[in-house]
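Q: Input structure: work_17.txt, which contains compact mmCIF, C-alpha atoms.
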```txt
# COMPACT_ATOMS: atom_id res chain seq x y z
CA MET C 12 0.00 0.00 0.00
CA ARG C 13 1.43 3.35 -0.99
CA SER C 14 1.69 6.14 1.55
CA ASN C 15 -1.61 7.83 2.53
CA PRO C 16 -4.07 6.41 0.00
CA LYS C 17 -7.04 8.74 -0.32
CA PHE C 18 -10.52 7.32 0.29
CA LEU C 19 -14.16 8.34 0.27
CA ASN C 20 -16.80 6.86 2.53
CA LEU C 21 -19.66 6.00 0.18
CA VAL C 22 -22.20 7.25 2.73
CA LEU C 23 -21.76 10.68 1.14
CA LEU C 24 -23.13 9.55 -2.20
CA ASN C 25 -26.58 8.94 -3.58
CA GLY C 26 -27.33 6.30 -6.20
CA GLU C 27 -26.79 2.63 -6.89
CA PRO C 28 -23.58 0.93 -5.70
CA GLU C 29 -21.98 0.86 -9.17
CA GLN C 30 -22.73 4.54 -9.69
CA LYS C 31 -21.15 5.40 -6.34
CA LEU C 32 -17.98 3.44 -7.07
CA ARG C 33 -17.61 4.99 -10.51
CA ALA C 34 -18.20 8.50 -9.13
CA ALA C 35 -15.61 8.06 -6.39
CA ARG C 36 -12.97 6.77 -8.77
CA ALA C 37 -13.69 9.41 -11.42
CA ALA C 38 -13.24 12.14 -8.81
CA GLY C 39 -9.75 10.81 -8.00
CA PHE C 40 -10.19 8.59 -4.93
CA GLU C 41 -8.01 5.47 -4.81
CA GLN C 42 -10.10 3.70 -2.18
CA VAL C 43 -13.58 3.70 -0.69
CA GLU C 44 -15.07 2.72 2.61
CA ILE C 45 -17.88 0.45 1.48
CA TRP C 46 -20.99 -0.41 3.45
CA ARG C 47 -22.17 -3.97 3.63
CA ASP C 48 -25.37 -3.17 1.72
CA ASP C 49 -23.35 -1.70 -1.18
CA VAL C 50 -21.45 -4.93 -1.85
CA GLU C 51 -22.87 -6.74 -4.87
CA ALA C 52 -21.84 -9.80 -6.87
CA SER C 53 -20.35 -7.49 -9.50
CA THR C 54 -18.34 -5.40 -6.99
CA PRO C 55 -15.00 -7.28 -7.21
CA GLN C 56 -14.89 -7.18 -11.01
CA LEU C 57 -15.93 -3.51 -11.11
CA ALA C 58 -13.31 -2.55 -8.53
CA GLN C 59 -10.65 -4.33 -10.57
CA GLU C 60 -11.80 -2.56 -13.73
CA LEU C 61 -11.65 0.82 -11.97
CA ASN C 62 -8.40 0.05 -10.12
CA LEU C 63 -10.25 0.98 -6.93
CA GLY C 64 -9.35 -0.40 -3.51
CA PHE C 65 -11.32 -0.82 -0.31
CA THR C 66 -10.23 0.85 2.93
CA ASN C 67 -12.66 -1.25 4.95
CA VAL C 68 -16.08 -2.88 5.04
CA GLN C 69 -18.60 -1.14 7.32
CA VAL C 70 -19.87 -1.55 9.89
CA LEU C 71 -19.97 -4.25 12.59
CA ARG C 72 -21.98 -2.55 15.33
CA ASP C 73 -22.09 -3.25 19.06
CA PHE C 74 -19.91 -6.36 18.98
CA THR C 75 -18.02 -5.83 22.21
CA GLY C 76 -19.77 -6.52 25.48
CA SER C 77 -22.90 -7.86 23.80
CA PRO C 78 -25.32 -9.54 26.23
CA ASP C 79 -25.39 -13.34 26.48
CA ARG C 80 -28.51 -13.66 24.34
CA GLU C 81 -26.74 -11.99 21.38
CA ARG C 82 -23.11 -12.94 21.83
CA LEU C 83 -23.05 -15.94 19.49
CA GLN C 84 -25.06 -14.00 16.91
CA LYS C 85 -22.48 -11.20 16.95
CA ARG C 86 -19.65 -13.67 16.47
CA GLU C 87 -21.43 -15.14 13.47
CA GLU C 88 -21.94 -11.61 12.14
CA LEU C 89 -18.18 -11.04 12.32
CA ARG C 90 -17.63 -14.18 10.25
CA GLN C 91 -20.11 -12.86 7.68
CA PHE C 92 -18.22 -9.58 7.48
CA ILE C 93 -14.98 -11.48 6.99
CA GLN C 94 -16.51 -13.40 4.09
CA ILE C 95 -17.80 -10.19 2.50
CA ALA C 96 -14.41 -8.51 2.88
CA GLN C 97 -12.62 -11.49 1.38
CA SER C 98 -15.00 -11.53 -1.58
CA ILE C 99 -13.94 -8.00 -2.61
CA GLY C 100 -10.26 -8.30 -1.74
CA CYS C 101 -10.46 -6.16 1.39
CA ASN C 102 -8.49 -6.98 4.55
CA THR C 103 -10.13 -4.64 7.07
CA ILE C 104 -13.45 -4.46 8.91
CA GLN C 105 -14.65 -1.48 10.91
CA ALA C 106 -16.10 -2.32 14.32
CA PRO C 107 -16.78 0.71 16.54
CA ALA C 108 -16.97 0.67 20.31
CA THR C 109 -20.34 -0.34 21.65
CA THR C 110 -23.23 2.09 21.96
CA ARG C 111 -25.36 -0.22 24.11
CA GLU C 112 -26.31 0.81 27.62
CA ASP C 113 -26.81 -2.86 28.54
CA CYS C 114 -23.37 -3.96 27.38
CA VAL C 115 -21.37 -6.26 29.62
CA ALA C 116 -18.45 -3.89 30.12
CA GLU C 117 -16.24 -6.38 31.94
CA ARG C 118 -16.29 -8.64 28.86
CA ILE C 119 -15.15 -6.05 26.32
CA ASP C 120 -11.47 -6.98 26.58
CA GLU C 121 -12.29 -10.65 26.10
CA ASP C 122 -14.50 -9.90 23.10
CA LEU C 123 -11.83 -7.75 21.45
CA ARG C 124 -9.22 -10.47 21.95
CA TRP C 125 -11.58 -13.03 20.41
CA MET C 126 -12.32 -10.69 17.51
CA ALA C 127 -8.62 -10.11 16.89
CA SER C 128 -7.89 -13.84 16.99
CA GLU C 129 -10.74 -14.74 14.64
CA ALA C 130 -9.82 -11.97 12.21
CA ALA C 131 -6.17 -13.00 12.26
CA ARG C 132 -7.11 -16.48 11.03
CA TYR C 133 -8.06 -14.80 7.75
CA ASN C 134 -5.31 -12.13 7.73
CA MET C 135 -7.91 -9.50 8.56
CA ARG C 136 -7.55 -6.30 10.54
CA ILE C 137 -10.09 -4.55 12.77
CA MET C 138 -10.60 -0.79 12.92
CA TYR C 139 -11.83 0.16 16.40
CA GLU C 140 -13.63 3.50 16.39
CA PRO C 141 -14.49 5.55 19.47
CA MET C 142 -17.74 7.32 18.59
CA ALA C 143 -18.92 10.28 20.62
CA TRP C 144 -22.17 8.55 21.67
CA CYS C 145 -20.62 5.19 22.58
CA SER C 146 -21.47 3.92 26.05
CA VAL C 147 -17.85 2.77 26.50
CA ASP C 148 -14.64 4.10 24.91
CA ASN C 149 -16.31 7.20 23.47
CA THR C 150 -13.06 9.19 23.21
CA LEU C 151 -9.77 8.53 21.44
CA PRO C 152 -7.73 8.46 24.70
CA LEU C 153 -10.07 5.83 26.22
CA ALA C 154 -9.97 3.66 23.11
CA TRP C 155 -6.18 3.94 22.88
CA GLU C 156 -5.81 3.04 26.55
CA ARG C 157 -7.74 -0.17 25.92
CA LEU C 158 -5.86 -1.11 22.76
CA GLN C 159 -2.53 -0.49 24.48
CA ARG C 160 -3.53 -2.84 27.28
CA LEU C 161 -4.75 -5.56 24.94
CA ASP C 162 -1.75 -5.28 22.59
CA GLN C 163 -3.40 -7.03 19.64
CA PRO C 164 -1.34 -6.44 16.47
CA ASN C 165 -4.32 -6.45 14.09
CA ILE C 166 -6.59 -3.96 15.89
CA GLY C 167 -5.98 -0.26 15.33
CA LEU C 168 -7.73 3.06 15.80
CA VAL C 169 -9.98 5.14 13.61
CA VAL C 170 -9.28 8.85 13.99
CA ASP C 171 -12.53 10.62 13.10
CA LEU C 172 -12.39 14.38 13.58
CA PHE C 173 -16.11 14.62 14.26
CA HIS C 174 -16.07 12.24 17.21
CA ILE C 175 -13.06 13.97 18.74
CA CYS C 176 -14.29 17.54 18.35
CA ALA C 177 -17.97 16.89 19.07
CA LEU C 178 -17.09 16.33 22.75
CA GLY C 179 -14.70 19.28 22.91
CA GLY C 180 -11.49 17.42 22.10
CA ASP C 181 -8.72 18.62 19.82
CA ALA C 182 -5.59 17.47 18.01
CA SER C 183 -3.69 17.01 21.28
CA GLN C 184 -5.57 13.71 21.66
CA LEU C 185 -3.22 12.30 19.02
CA ASP C 186 -0.20 12.85 21.27
CA GLY C 187 1.46 9.61 22.29
CA ILE C 188 -0.34 7.38 19.78
CA PRO C 189 2.15 5.70 17.41
CA ALA C 190 1.30 6.36 13.78
CA ASP C 191 1.17 2.65 12.97
CA ARG C 192 -1.60 2.12 15.52
CA ILE C 193 -3.86 4.48 13.56
CA TYR C 194 -5.51 2.51 10.77
CA GLU C 195 -7.31 5.40 9.08
CA VAL C 196 -8.09 9.11 9.40
CA GLN C 197 -11.54 10.47 8.54
CA LEU C 198 -11.71 14.20 7.87
CA CYS C 199 -14.88 16.26 8.15
CA ASP C 200 -16.19 19.46 9.71
CA MET C 201 -19.21 20.88 11.53
CA ALA C 202 -20.88 24.27 11.55
CA GLU C 203 -21.28 24.39 15.32
CA MET C 204 -20.90 22.26 18.41
CA PRO C 205 -23.56 19.56 18.34
CA PRO C 206 -26.04 18.84 21.14
CA GLN C 207 -24.52 16.67 23.84
CA LYS C 208 -27.41 14.32 24.59
CA ARG C 209 -26.59 11.01 22.96
CA GLY C 210 -29.64 10.71 20.73
CA ALA C 211 -29.47 14.28 19.46
CA LEU C 212 -25.70 14.02 19.01
CA SER C 213 -26.04 10.86 16.94
CA ASP C 214 -28.78 12.44 14.82
CA PHE C 215 -26.64 15.53 14.20
CA ALA C 216 -23.69 13.35 13.17
CA ARG C 217 -25.76 11.38 10.68
CA HIS C 218 -27.20 14.38 8.87
CA GLN C 219 -25.20 17.56 9.41
CA ARG C 220 -21.48 16.92 9.05
CA LEU C 221 -19.66 19.17 6.59
CA LEU C 222 -16.72 18.79 4.26
CA PRO C 223 -13.41 19.77 5.88
CA GLY C 224 -12.86 23.50 5.69
CA ASP C 225 -16.55 24.40 5.77
CA GLY C 226 -16.93 24.66 9.56
CA ILE C 227 -15.25 25.25 12.91
CA ILE C 228 -12.89 22.25 13.25
CA GLU C 229 -9.19 23.19 13.13
CA VAL C 230 -8.44 20.53 10.52
CA ASP C 231 -4.92 21.89 9.90
CA ARG C 232 -3.87 21.10 13.46
CA PHE C 233 -4.82 17.44 13.06
CA VAL C 234 -3.08 17.23 9.70
CA ASP C 235 0.10 18.80 11.10
CA LYS C 236 0.17 16.33 14.00
CA LEU C 237 -0.33 13.34 11.71
CA LYS C 238 2.34 14.45 9.25
CA SER C 239 4.78 15.18 12.08
CA ALA C 240 4.21 11.64 13.33
CA SER C 241 4.89 10.27 9.81
CA TYR C 242 1.42 8.78 9.53
CA ARG C 243 1.29 6.74 6.32
CA GLY C 244 -2.19 5.17 6.45
CA PRO C 245 -5.37 6.03 4.57
CA VAL C 246 -6.75 9.58 4.77
CA GLY C 247 -10.21 10.40 3.53
CA ILE C 248 -13.64 11.92 3.82
CA GLU C 249 -16.48 10.59 5.96
CA VAL C 250 -19.35 13.06 5.78
CA PHE C 251 -23.01 12.36 6.48
CA ASN C 252 -24.83 15.33 4.95
CA ASP C 253 -28.35 15.36 3.55
CA GLY C 254 -27.71 18.24 1.17
CA LEU C 255 -24.62 16.69 -0.39
CA LYS C 256 -26.29 13.30 -0.61
CA ALA C 257 -29.14 14.84 -2.61
CA GLN C 258 -26.72 15.93 -5.32
CA PRO C 259 -25.68 13.70 -8.24
CA PRO C 260 -22.97 11.38 -6.88
CA GLU C 261 -20.41 12.66 -9.39
CA VAL C 262 -20.87 16.23 -8.13
CA ALA C 263 -20.66 15.32 -4.44
CA ALA C 264 -17.60 13.12 -5.01
CA GLN C 265 -15.79 15.93 -6.83
CA GLN C 266 -16.54 18.36 -3.98
CA ALA C 267 -15.19 15.83 -1.49
CA TRP C 268 -12.03 15.31 -3.54
CA ARG C 269 -11.34 19.05 -3.66
CA ALA C 270 -11.95 19.40 0.10
CA LEU C 271 -9.59 16.53 0.91
CA ASN C 272 -6.83 17.90 -1.27
CA ARG C 273 -6.98 21.29 0.40
CA TYR C 274 -5.66 19.60 3.54
CA TRP C 275 -3.82 16.55 2.22
CA PRO C 276 -2.54 17.33 -1.31
```
Show me the file's structure as C-alpha cells.
A:
Amino acid sequence: MRSNPKFLNLVLLNGEPEQKLRAARAAGFEQVEIWRDDVEASTPQLAQELNLGFTNVQVLRDFTGSPDRERLQKREELRQFIQIAQSIGCNTIQAPATTREDCVAERIDEDLRWMASEAARYNMRIMYEPMAWCSVDNTLPLAWERLQRLDQPNIGLVVDLFHICALGGDASQLDGIPADRIYEVQLCDMAEMPPQKRGALSDFARHQRLLPGDGIIEVDRFVDKLKSASYRGPVGIEVFNDGLKAQPPEVAAQQAWRALNRYWP
C-alpha cells in the first residue's frame, strides 16, 4: 500500500452501488469505505476494472460486550463480514466501540481479543472507532488506553475528527499514539458544536457533518500532528450530509475530492 491512499466513505453519495464506485474513482479517490449493503456480486470485477481499492467494510456494530442472548449471533456476524471482505479483496473491517447501555463492560477486553484472533485467522484487521455517543470508549484516549492494554497487532484506531471535536477534544488527543496504531483518518467538519445528549448528538452526526474547511474544526492542526508523526495510512472523507447526498454522486464526489486535497494534497 502506498503512503496515505485517499478514500471516500460512500455514505456521502446517492445512487446505486456501481454509480457510487464509478463516481468516487472518477473524482480521484483510490479507495472507498464500502458499506455492507453496497457490496454486490459485481463489486469485485468492477473494482478491478476501476483500479479501486477498499479501505474497509462497514460496519460491525455493538460487537463488544454484547449480552449473552446476542453474543453468538455477533460472532457469526463477524464471520459474515470477513466473508464479505474477502470476496472483494479487502483486509479490514470497521467495528466501533459499543453504543449499548446494557453492554457487559467487563467482557469487552475478552471480546476484542476473540475478535482479533478470529480476524487474524483470515489475515484481517479490525478498525476500532471511538464514537462520541458510545457507552464505553467514546473518546480517542479511552480507546487507545484499551488497545494499548490488549496489545493485539491487528486492531488499530480510527481517527474521526467529528467524534473527537464533538465532545470538545482537539488534536492534542493524538499525542502519544504511534502512527502505525492508527488505521485510518476520517476528515470532516461541523458548523457548530452539536447537542450533547446522545440521541441528538447521533442524529446531528448522521445528517449535518460538513466537508473539511466548511466549519469550525481546526483541521490543519490534526493534519500537522499526523504528518509530524509520519502517519502513512489512509486519509479520507467521511461526511453524512443530507444536502450533499441529494446531489448527483459525481458532483458530491468531486466536492469531497477538492476538500480533501486542500488539507492533504
Q: For atom CA of Leu89 of chain C and atom CA of Arg72 of chain C, determine how far apart the two atoms are, in Å to one decimal place.
A: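 Those two atoms sit 9.8 Å apart.
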Q: Please identify all polymer residues within 8 Å of segment 97-105 of chain C, counting all atoms listed in the file, omitting same-chain residues fewer than 4 positions from it, and present them as a list of chain:residue names.
A: C:Thr54, C:Pro55, C:Gly64, C:Phe65, C:Thr66, C:Asn67, C:Val68, C:Gln69, C:Val70, C:Leu71, C:Phe92, C:Ile93, C:Asn134, C:Met135, C:Arg136, C:Ile137, C:Met138, C:Tyr139, C:Glu140
Q: For a quick check of understanding, using all atoms listed in the file, which of C:Glu112, C:Glu195, C:His218, C:Glu249 has the smallest distance to Ala270 of chain C?
A: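 Once distances to Ala270 of chain C are computed over all atoms listed in the file, the minimum belongs to C:Glu249.
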Q: Report, as AutoDock Vina command-line options, the axis-aligned box around all atoms of segment 28-39 of chain C present in the file, extended by 4 Å on each side; give centre and edge lengths in Å to one decimal place.
A:
```
--center_x -16.7 --center_y 6.5 --center_z -8.6 --size_x 21.8 --size_y 19.3 --size_z 13.7
```
Q: Skip Leu255 of chain C itself and residues of its chain fewer than 2 positions away, then list as a PyMOL selection string all residues within 10 Å of it, counting all atoms listed in the file.
A: chain C and resi 23-25+218-222+250-253+257-260+262-264+266-267
Q: Could you tell me how far atom CA of Gly244 of chain C lies from atom CA of Pro16 of chain C, in Å and to one decimal?
A: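 Atom CA of Pro16 of chain C lies 6.8 Å from atom CA of Gly244 of chain C.
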Q: Hey, can you check how far atom CA of Leu237 of chain C sits from atom CA of Pro205 of chain C?
A: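 These two atoms are separated by 24.9 Å.
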Q: Restricting the calculation to all atoms listed in the file: of C:Pro189, C:Pro206, C:Gly224, C:Pro28, which residue gets closest to Lys238 of chain C?
A: C:Pro189
Q: Counting only C-alpha atoms, figure out which residue out of C:Ala154, C:Ala240, C:Leu161, C:Ile228 gets nearest to Asp191 of chain C.
A: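 Of all the options, C:Ala240 lies closest to Asp191 of chain C.
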Q: Which residues are near Phe173 of chain C? Cut-off 12 Å, only C-alpha atoms, ignore same chain within fewer than 3 positions. Put them as a ChimeraX atom specification.
A: /C:140-144,149-151,169-170,176-182,196-205,212-213,215-217,219-223,226-230,233,248-251
